[in-house]
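Source file: query-v8.cif. Holds: mmCIF, N, CA and C atoms and all ligand atoms.
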```cif
data_run
loop_
_atom_site.label_atom_id
_atom_site.label_comp_id
_atom_site.auth_asym_id
_atom_site.auth_seq_id
_atom_site.Cartn_x
_atom_site.Cartn_y
_atom_site.Cartn_z
N MET A 161 29.11 4.70 22.21
CA MET A 161 27.96 4.24 21.44
C MET A 161 27.74 5.09 20.20
N ASP A 162 27.40 4.45 19.10
CA ASP A 162 27.19 5.17 17.85
C ASP A 162 25.92 6.02 17.91
N GLU A 163 26.01 7.18 17.31
CA GLU A 163 24.84 8.04 17.20
C GLU A 163 24.36 8.04 15.76
N TYR A 164 23.11 8.28 15.57
CA TYR A 164 22.54 8.30 14.23
C TYR A 164 21.89 9.65 13.96
N VAL A 165 21.88 10.02 12.67
CA VAL A 165 21.26 11.28 12.24
C VAL A 165 20.10 10.93 11.32
N CYS A 166 18.94 11.52 11.57
CA CYS A 166 17.78 11.29 10.71
C CYS A 166 17.89 12.26 9.53
N THR A 167 17.79 11.74 8.31
CA THR A 167 17.91 12.60 7.13
C THR A 167 16.61 13.37 6.88
N GLN A 168 15.55 13.02 7.56
CA GLN A 168 14.27 13.71 7.36
C GLN A 168 14.10 14.89 8.32
N CYS A 169 14.27 14.65 9.64
CA CYS A 169 14.01 15.72 10.62
C CYS A 169 15.29 16.17 11.34
N HIS A 170 16.46 15.59 10.99
CA HIS A 170 17.76 15.93 11.55
C HIS A 170 17.87 15.63 13.05
N TYR A 171 17.11 14.65 13.52
CA TYR A 171 17.24 14.18 14.90
C TYR A 171 18.61 13.53 15.05
N VAL A 172 19.29 13.77 16.17
CA VAL A 172 20.59 13.16 16.44
C VAL A 172 20.48 12.36 17.73
N GLY A 173 20.86 11.10 17.69
CA GLY A 173 20.82 10.27 18.88
C GLY A 173 20.62 8.81 18.53
N GLN A 174 20.06 8.10 19.48
CA GLN A 174 19.85 6.67 19.29
C GLN A 174 18.58 6.39 18.48
N PHE A 175 18.57 5.26 17.78
CA PHE A 175 17.40 4.87 16.99
C PHE A 175 16.43 4.08 17.86
N LYS A 176 15.26 3.86 17.33
CA LYS A 176 14.23 3.07 18.00
C LYS A 176 13.96 1.88 17.08
N ARG A 177 13.70 0.72 17.65
CA ARG A 177 13.39 -0.44 16.81
C ARG A 177 11.88 -0.55 16.64
N LYS A 178 11.48 -0.84 15.41
CA LYS A 178 10.06 -0.94 15.10
C LYS A 178 9.83 -2.20 14.29
N LYS A 179 8.73 -2.89 14.58
CA LYS A 179 8.40 -4.11 13.83
C LYS A 179 8.01 -3.75 12.40
N ARG A 180 8.37 -4.62 11.45
CA ARG A 180 7.93 -4.42 10.07
C ARG A 180 6.47 -4.83 9.96
N GLY A 181 5.86 -4.49 8.85
CA GLY A 181 4.47 -4.86 8.62
C GLY A 181 3.52 -4.02 9.46
N SER A 182 2.25 -4.42 9.51
CA SER A 182 1.29 -3.64 10.28
C SER A 182 0.46 -4.53 11.19
N THR A 183 -0.01 -3.94 12.27
CA THR A 183 -0.83 -4.65 13.25
C THR A 183 -2.16 -5.07 12.61
N LYS A 184 -2.68 -4.19 11.75
CA LYS A 184 -3.95 -4.46 11.05
C LYS A 184 -3.84 -5.75 10.22
N THR A 185 -2.77 -5.87 9.46
CA THR A 185 -2.54 -7.06 8.63
C THR A 185 -2.37 -8.29 9.51
N GLU A 186 -1.71 -8.12 10.67
CA GLU A 186 -1.48 -9.23 11.59
C GLU A 186 -2.82 -9.76 12.12
N VAL A 187 -3.74 -8.85 12.46
CA VAL A 187 -5.06 -9.25 12.95
C VAL A 187 -5.81 -10.02 11.87
N ILE A 188 -5.76 -9.51 10.64
CA ILE A 188 -6.43 -10.18 9.52
C ILE A 188 -5.82 -11.57 9.30
N ALA A 189 -4.47 -11.65 9.38
CA ALA A 189 -3.79 -12.93 9.19
C ALA A 189 -4.19 -13.93 10.27
N TRP A 190 -4.39 -13.46 11.52
CA TRP A 190 -4.81 -14.36 12.60
C TRP A 190 -6.25 -14.82 12.41
N LEU A 191 -7.08 -13.96 11.79
CA LEU A 191 -8.47 -14.36 11.51
C LEU A 191 -8.50 -15.48 10.46
N LEU A 192 -7.52 -15.46 9.54
CA LEU A 192 -7.38 -16.54 8.55
C LEU A 192 -6.37 -17.52 9.16
N PHE A 193 -6.74 -18.22 10.21
CA PHE A 193 -5.89 -18.85 11.21
C PHE A 193 -4.45 -19.24 10.84
N PRO A 194 -4.19 -20.15 9.95
CA PRO A 194 -2.77 -20.57 9.86
C PRO A 194 -1.82 -19.46 9.42
N LEU A 195 -2.34 -18.42 8.76
CA LEU A 195 -1.45 -17.36 8.26
C LEU A 195 -0.91 -16.46 9.38
N GLY A 196 -1.59 -16.41 10.50
CA GLY A 196 -1.17 -15.53 11.60
C GLY A 196 0.16 -15.92 12.20
N ILE A 197 0.41 -17.21 12.29
CA ILE A 197 1.64 -17.71 12.93
C ILE A 197 2.90 -17.25 12.17
N PRO A 198 3.02 -17.56 10.87
CA PRO A 198 4.24 -17.11 10.18
C PRO A 198 4.35 -15.58 10.11
N TYR A 199 3.22 -14.88 9.96
CA TYR A 199 3.27 -13.41 9.88
C TYR A 199 3.76 -12.81 11.19
N SER A 200 3.26 -13.33 12.33
CA SER A 200 3.70 -12.82 13.63
C SER A 200 5.18 -13.13 13.87
N LEU A 201 5.60 -14.34 13.48
CA LEU A 201 7.02 -14.70 13.63
C LEU A 201 7.90 -13.80 12.79
N TRP A 202 7.46 -13.53 11.54
CA TRP A 202 8.22 -12.65 10.63
C TRP A 202 8.33 -11.25 11.23
N ARG A 203 7.23 -10.75 11.81
CA ARG A 203 7.24 -9.40 12.41
C ARG A 203 8.17 -9.35 13.63
N MET A 204 8.16 -10.43 14.44
CA MET A 204 9.00 -10.44 15.65
C MET A 204 10.49 -10.48 15.29
N CYS A 205 10.82 -11.19 14.20
CA CYS A 205 12.23 -11.37 13.83
C CYS A 205 12.77 -10.22 12.98
N ASN A 206 11.91 -9.47 12.33
CA ASN A 206 12.36 -8.39 11.44
C ASN A 206 12.00 -7.02 12.00
N LYS A 207 12.92 -6.47 12.77
CA LYS A 207 12.69 -5.13 13.29
C LYS A 207 13.63 -4.18 12.57
N ILE A 208 13.12 -2.97 12.29
CA ILE A 208 13.92 -1.98 11.58
C ILE A 208 14.26 -0.82 12.51
N LYS A 209 15.37 -0.13 12.16
CA LYS A 209 15.79 1.04 12.93
C LYS A 209 15.03 2.24 12.40
N VAL A 210 14.34 2.95 13.30
CA VAL A 210 13.63 4.16 12.88
C VAL A 210 13.96 5.33 13.81
N CYS A 211 13.69 6.52 13.33
CA CYS A 211 13.89 7.74 14.10
C CYS A 211 12.81 7.82 15.19
N PRO A 212 13.17 8.09 16.45
CA PRO A 212 12.16 8.19 17.51
C PRO A 212 11.22 9.39 17.33
N ASP A 213 11.66 10.41 16.58
CA ASP A 213 10.82 11.60 16.39
C ASP A 213 9.81 11.44 15.27
N CYS A 214 10.28 11.05 14.06
CA CYS A 214 9.38 11.05 12.91
C CYS A 214 9.13 9.63 12.37
N GLU A 215 9.72 8.62 12.97
CA GLU A 215 9.56 7.22 12.57
C GLU A 215 10.04 6.93 11.15
N SER A 216 10.91 7.78 10.61
CA SER A 216 11.49 7.54 9.29
C SER A 216 12.60 6.50 9.44
N ASP A 217 12.76 5.65 8.41
CA ASP A 217 13.84 4.66 8.48
C ASP A 217 15.09 5.15 7.74
N LEU A 218 15.11 6.42 7.38
CA LEU A 218 16.25 6.99 6.66
C LEU A 218 17.26 7.57 7.66
N LEU A 219 17.90 6.68 8.43
CA LEU A 219 18.90 7.08 9.41
C LEU A 219 20.29 6.78 8.87
N VAL A 220 21.23 7.67 9.14
CA VAL A 220 22.63 7.41 8.78
C VAL A 220 23.49 7.58 10.02
N SER A 221 24.60 6.87 10.06
CA SER A 221 25.51 6.99 11.20
C SER A 221 26.13 8.39 11.22
N SER A 222 26.31 8.95 12.42
CA SER A 222 26.91 10.30 12.50
C SER A 222 28.37 10.27 12.08
N ASP A 223 28.98 9.09 11.99
CA ASP A 223 30.37 8.96 11.53
C ASP A 223 30.48 8.87 10.01
N SER A 224 29.36 8.64 9.32
CA SER A 224 29.40 8.52 7.86
C SER A 224 29.55 9.90 7.22
N ALA A 225 29.92 9.93 5.94
CA ALA A 225 30.13 11.19 5.23
C ALA A 225 28.85 12.03 5.21
N LEU A 226 27.72 11.39 4.93
CA LEU A 226 26.43 12.10 4.89
C LEU A 226 26.06 12.61 6.27
N GLY A 227 26.25 11.79 7.29
CA GLY A 227 25.94 12.18 8.66
C GLY A 227 26.76 13.39 9.09
N LYS A 228 28.07 13.39 8.75
CA LYS A 228 28.94 14.52 9.10
C LYS A 228 28.50 15.78 8.38
N ARG A 229 28.10 15.62 7.09
CA ARG A 229 27.66 16.79 6.32
C ARG A 229 26.39 17.40 6.92
N ILE A 230 25.44 16.55 7.33
CA ILE A 230 24.20 17.05 7.94
C ILE A 230 24.52 17.77 9.25
N LEU A 231 25.40 17.18 10.07
CA LEU A 231 25.77 17.82 11.35
C LEU A 231 26.48 19.15 11.13
N ASP A 232 27.37 19.22 10.09
CA ASP A 232 28.05 20.48 9.78
C ASP A 232 27.05 21.55 9.37
N ASN A 233 26.07 21.17 8.54
CA ASN A 233 25.05 22.12 8.11
C ASN A 233 24.23 22.61 9.29
N MET A 234 23.92 21.70 10.22
CA MET A 234 23.15 22.09 11.40
C MET A 234 23.95 23.05 12.26
N ASP A 235 25.27 22.81 12.41
CA ASP A 235 26.13 23.72 13.17
C ASP A 235 26.16 25.11 12.54
N ALA A 236 26.27 25.15 11.20
CA ALA A 236 26.32 26.42 10.49
C ALA A 236 25.01 27.18 10.67
N GLU A 237 23.87 26.48 10.59
CA GLU A 237 22.56 27.12 10.78
C GLU A 237 22.43 27.67 12.19
N LEU A 238 22.88 26.87 13.18
CA LEU A 238 22.79 27.29 14.59
C LEU A 238 23.65 28.51 14.84
N THR A 239 24.86 28.53 14.28
CA THR A 239 25.76 29.68 14.43
C THR A 239 25.13 30.92 13.82
N ALA A 240 24.52 30.78 12.65
CA ALA A 240 23.88 31.92 11.98
C ALA A 240 22.71 32.43 12.82
N LYS A 241 21.93 31.51 13.39
CA LYS A 241 20.78 31.92 14.23
C LYS A 241 21.26 32.64 15.48
N LEU A 242 22.33 32.12 16.11
CA LEU A 242 22.86 32.76 17.31
C LEU A 242 23.40 34.14 16.99
N ALA A 243 24.09 34.28 15.85
CA ALA A 243 24.64 35.56 15.43
C ALA A 243 23.51 36.56 15.20
N ALA A 244 22.42 36.11 14.59
CA ALA A 244 21.28 36.98 14.34
C ALA A 244 20.62 37.40 15.65
N LYS A 245 20.57 36.49 16.61
CA LYS A 245 19.95 36.77 17.91
C LYS A 245 20.76 37.80 18.69
N GLN A 246 22.10 37.68 18.58
CA GLN A 246 22.98 38.59 19.32
C GLN A 246 23.28 39.86 18.53
N HIS A 247 22.66 40.03 17.37
CA HIS A 247 22.84 41.19 16.49
C HIS A 247 24.29 41.38 16.09
N LEU A 248 24.99 40.29 15.88
CA LEU A 248 26.37 40.38 15.44
C LEU A 248 26.37 40.66 13.94
N PRO A 249 27.34 41.44 13.49
CA PRO A 249 27.38 41.70 12.04
C PRO A 249 27.72 40.42 11.27
N THR A 250 26.90 40.10 10.31
CA THR A 250 27.18 38.94 9.46
C THR A 250 27.38 39.43 8.04
N ARG A 251 28.22 38.77 7.32
CA ARG A 251 28.52 39.17 5.96
C ARG A 251 27.46 38.65 5.00
N THR A 252 27.01 39.50 4.16
CA THR A 252 26.08 39.07 3.11
C THR A 252 26.94 38.57 1.96
N PRO A 253 26.40 37.79 1.06
CA PRO A 253 27.20 37.32 -0.07
C PRO A 253 27.79 38.46 -0.89
N ARG A 254 27.10 39.62 -0.97
CA ARG A 254 27.57 40.77 -1.72
C ARG A 254 28.86 41.35 -1.14
N GLU A 255 28.88 41.50 0.20
CA GLU A 255 30.06 42.03 0.87
C GLU A 255 31.24 41.07 0.74
N THR A 256 30.97 39.80 0.78
CA THR A 256 32.01 38.81 0.64
C THR A 256 32.67 38.90 -0.73
N GLN A 257 31.86 39.13 -1.75
CA GLN A 257 32.40 39.25 -3.12
C GLN A 257 33.29 40.48 -3.26
N LYS A 258 32.92 41.59 -2.61
CA LYS A 258 33.71 42.83 -2.68
C LYS A 258 35.10 42.61 -2.09
N ASN A 259 35.18 41.88 -1.00
CA ASN A 259 36.44 41.66 -0.30
C ASN A 259 37.39 40.75 -1.04
N ILE A 260 36.88 39.95 -1.95
CA ILE A 260 37.74 38.99 -2.65
C ILE A 260 38.55 39.63 -3.74
ZN ZN B 301 13.37 11.84 12.08
#
```

Go ahead and express the file in the form of structure tokens.
Amino acid sequence: MDEYVCTQCHYVGQFKRKKRGSTKTEVIAWLLFPLGIPYSLWRMCNKIKVCPDCESDLLVSSDSALGKRILDNMDAELTAKLAAKQHLPTRTPRETQKNI
């Protein structure tokens, strides 16, 4: 199964489907009777993929170039955090320049 990456909060996993439009507008449309029917049908037929964490619709496939880049950056950040936690020596940009 395909996994998705949220470009906003970096959530990795499956998406959630959410109806377009708003419930408030739907209630108003039903109060103006004939408008409620097409609006409700439109909402039922048009669902968008959103992030389960932040509800952003800016999801990319983890197989896409952007998805891979986000996952690589997350791996690099995690490795740096683990290295800092274990007090492993990490190279600063200055030391790296000296060695080149
Ligand atoms: Zn998100």

Exercise. Kindly indicate which residue among A:Met234, A:Ile188, A:Lys178, A:Leu195 lies nearest to Lys209 (chain A), using only N, CA and C atoms for the distances.
Key: A:Lys178

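Counting from CA of Lys176 (chain A), the distance to atom N of Cys211 (chain A) is 5.8 Å.
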
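CA of Glu163 (chain A) is positioned 16.8 Å from atom N of Ile208 (chain A).
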
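Checking A:Met204, A:Ala189, A:Val165, A:Val210 one by one against Lys228 (chain A), counting only N, CA and C atoms, you find the shortest gap at A:Val165.
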
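All residues, whether protein, DNA or RNA, that have an atom at most 8 Å from ligand ZN 301 (chain B) (counting only N, CA and C atoms and all ligand atoms) are A:Val165, A:Cys166, A:Thr167, A:Gln168, A:Cys169, A:His170, A:Tyr171, A:Val172, A:Val210, A:Cys211, A:Pro212, A:Asp213, A:Cys214, A:Glu215, A:Ser216, A:Asp217, A:Leu218, A:Leu219.
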
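Taking only C-alpha atoms into account, Glu186 (chain A) lies nearest to A:Trp202 out of the set A:Glu237, A:Gln174, A:Trp202, A:Asp162.
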
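In this model, the gap between atom C of Phe175 (chain A) and CA of Ala236 (chain A) comes to 25.5 Å.
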
Quiz item: If you count only C-alpha atoms, which residues fall within 12 Å of Cys205 (chain A), apart from same-chain ones fewer than 4 positions away, as a count of residues only?
Solution: 9

Practice problem: Pull the alpha helix (DSSP H) assignments for chain A out of DSSP run on the backbone, and list those residues as a PyMOL selection string. | Solution: chain A and resi 183-191+196-205+225-245+253-259

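When only C-alpha atoms are used to compute distances to Thr185 (chain A), the closest of the residues A:His247, A:Arg229, A:Lys241, A:Arg203 turns out to be A:Arg203.
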
Practice problem: If you run DSSP over the backbone, which residues in region 162-213 of chain A end up strand (DSSP E)? Put them as number ranges by chain. | Solution: A: 164-166, 172-173, 176-179, 207-210

Could you pull region 173-247 of chain A out of the structure just shown and give C-alpha atoms as a JSON list (two decimals), in the first residue's frame?
```json
[["chain", "number", "residue", "atom", "x", "y", "z"],
["A", 173, "GLY", "CA", 1.28, 6.98, 6.59],
["A", 174, "GLN", "CA", -2.19, 6.68, 5.19],
["A", 175, "PHE", "CA", -4.39, 9.66, 4.35],
["A", 176, "LYS", "CA", -7.87, 10.38, 5.67],
["A", 177, "ARG", "CA", -10.78, 11.31, 3.41],
["A", 178, "LYS", "CA", -12.62, 14.50, 4.20],
["A", 179, "LYS", "CA", -15.71, 16.02, 2.58],
["A", 180, "ARG", "CA", -15.25, 19.29, 0.71],
["A", 181, "GLY", "CA", -17.21, 22.36, 1.75],
["A", 182, "SER", "CA", -18.49, 22.98, 5.26],
["A", 183, "THR", "CA", -21.26, 21.62, 7.45],
["A", 184, "LYS", "CA", -22.33, 25.19, 8.28],
["A", 185, "THR", "CA", -22.92, 25.99, 4.59],
["A", 186, "GLU", "CA", -24.77, 22.67, 4.18],
["A", 187, "VAL", "CA", -27.18, 23.58, 7.01],
["A", 188, "ILE", "CA", -27.81, 27.01, 5.47],
["A", 189, "ALA", "CA", -28.35, 25.39, 2.04],
["A", 190, "TRP", "CA", -30.93, 22.99, 3.56],
["A", 191, "LEU", "CA", -32.74, 25.94, 5.17],
["A", 192, "LEU", "CA", -33.05, 27.41, 1.64],
["A", 193, "PHE", "CA", -34.68, 24.08, 0.74],
["A", 194, "PRO", "CA", -33.89, 23.17, -2.88],
["A", 195, "LEU", "CA", -30.22, 24.19, -2.54],
["A", 196, "GLY", "CA", -29.50, 21.58, 0.15],
["A", 197, "ILE", "CA", -29.94, 18.60, -2.16],
["A", 198, "PRO", "CA", -27.27, 19.45, -4.77],
["A", 199, "TYR", "CA", -24.87, 20.78, -2.10],
["A", 200, "SER", "CA", -25.13, 17.57, -0.04],
["A", 201, "LEU", "CA", -24.70, 15.42, -3.16],
["A", 202, "TRP", "CA", -21.65, 17.48, -4.19],
["A", 203, "ARG", "CA", -20.13, 17.06, -0.70],
["A", 204, "MET", "CA", -20.77, 13.29, -0.69],
["A", 205, "CYS", "CA", -19.18, 12.80, -4.12],
["A", 206, "ASN", "CA", -16.16, 15.11, -3.63],
["A", 207, "LYS", "CA", -13.91, 13.88, -0.87],
["A", 208, "ILE", "CA", -10.32, 15.03, -0.58],
["A", 209, "LYS", "CA", -7.25, 13.32, 0.85],
["A", 210, "VAL", "CA", -6.04, 15.03, 4.02],
["A", 211, "CYS", "CA", -3.42, 14.41, 6.69],
["A", 212, "PRO", "CA", -4.93, 12.69, 9.77],
["A", 213, "ASP", "CA", -2.75, 14.84, 12.07],
["A", 214, "CYS", "CA", -3.11, 18.40, 10.77],
["A", 215, "GLU", "CA", -5.90, 18.03, 8.15],
["A", 216, "SER", "CA", -3.70, 19.64, 5.48],
["A", 217, "ASP", "CA", -4.40, 18.57, 1.90],
["A", 218, "LEU", "CA", -0.73, 19.02, 0.94],
["A", 219, "LEU", "CA", 0.14, 15.31, 0.85],
["A", 220, "VAL", "CA", 2.70, 13.76, -1.50],
["A", 221, "SER", "CA", 3.39, 10.11, -2.21],
["A", 222, "SER", "CA", 6.43, 8.74, -0.34],
["A", 223, "ASP", "CA", 7.61, 7.38, -3.73],
["A", 224, "SER", "CA", 7.66, 10.85, -5.33],
["A", 225, "ALA", "CA", 10.85, 12.96, -5.51],
["A", 226, "LEU", "CA", 9.53, 15.45, -2.93],
["A", 227, "GLY", "CA", 8.34, 12.68, -0.62],
["A", 228, "LYS", "CA", 11.76, 10.97, -0.75],
["A", 229, "ARG", "CA", 13.52, 14.28, -0.06],
["A", 230, "ILE", "CA", 11.32, 14.94, 3.01],
["A", 231, "LEU", "CA", 11.93, 11.40, 4.33],
["A", 232, "ASP", "CA", 15.72, 11.77, 3.78],
["A", 233, "ASN", "CA", 15.71, 15.06, 5.69],
["A", 234, "MET", "CA", 13.74, 13.45, 8.52],
["A", 235, "ASP", "CA", 16.26, 10.57, 8.67],
["A", 236, "ALA", "CA", 19.17, 13.04, 8.80],
["A", 237, "GLU", "CA", 17.49, 15.02, 11.62],
["A", 238, "LEU", "CA", 16.77, 11.82, 13.57],
["A", 239, "THR", "CA", 20.37, 10.61, 13.18],
["A", 240, "ALA", "CA", 21.67, 13.99, 14.39],
["A", 241, "LYS", "CA", 19.32, 13.91, 17.40],
["A", 242, "LEU", "CA", 20.37, 10.35, 18.29],
["A", 243, "ALA", "CA", 24.05, 11.29, 17.96],
["A", 244, "ALA", "CA", 23.51, 14.28, 20.26],
["A", 245, "LYS", "CA", 21.67, 12.09, 22.78],
["A", 246, "GLN", "CA", 24.46, 9.50, 22.83],
["A", 247, "HIS", "CA", 27.13, 12.25, 23.02]]
```
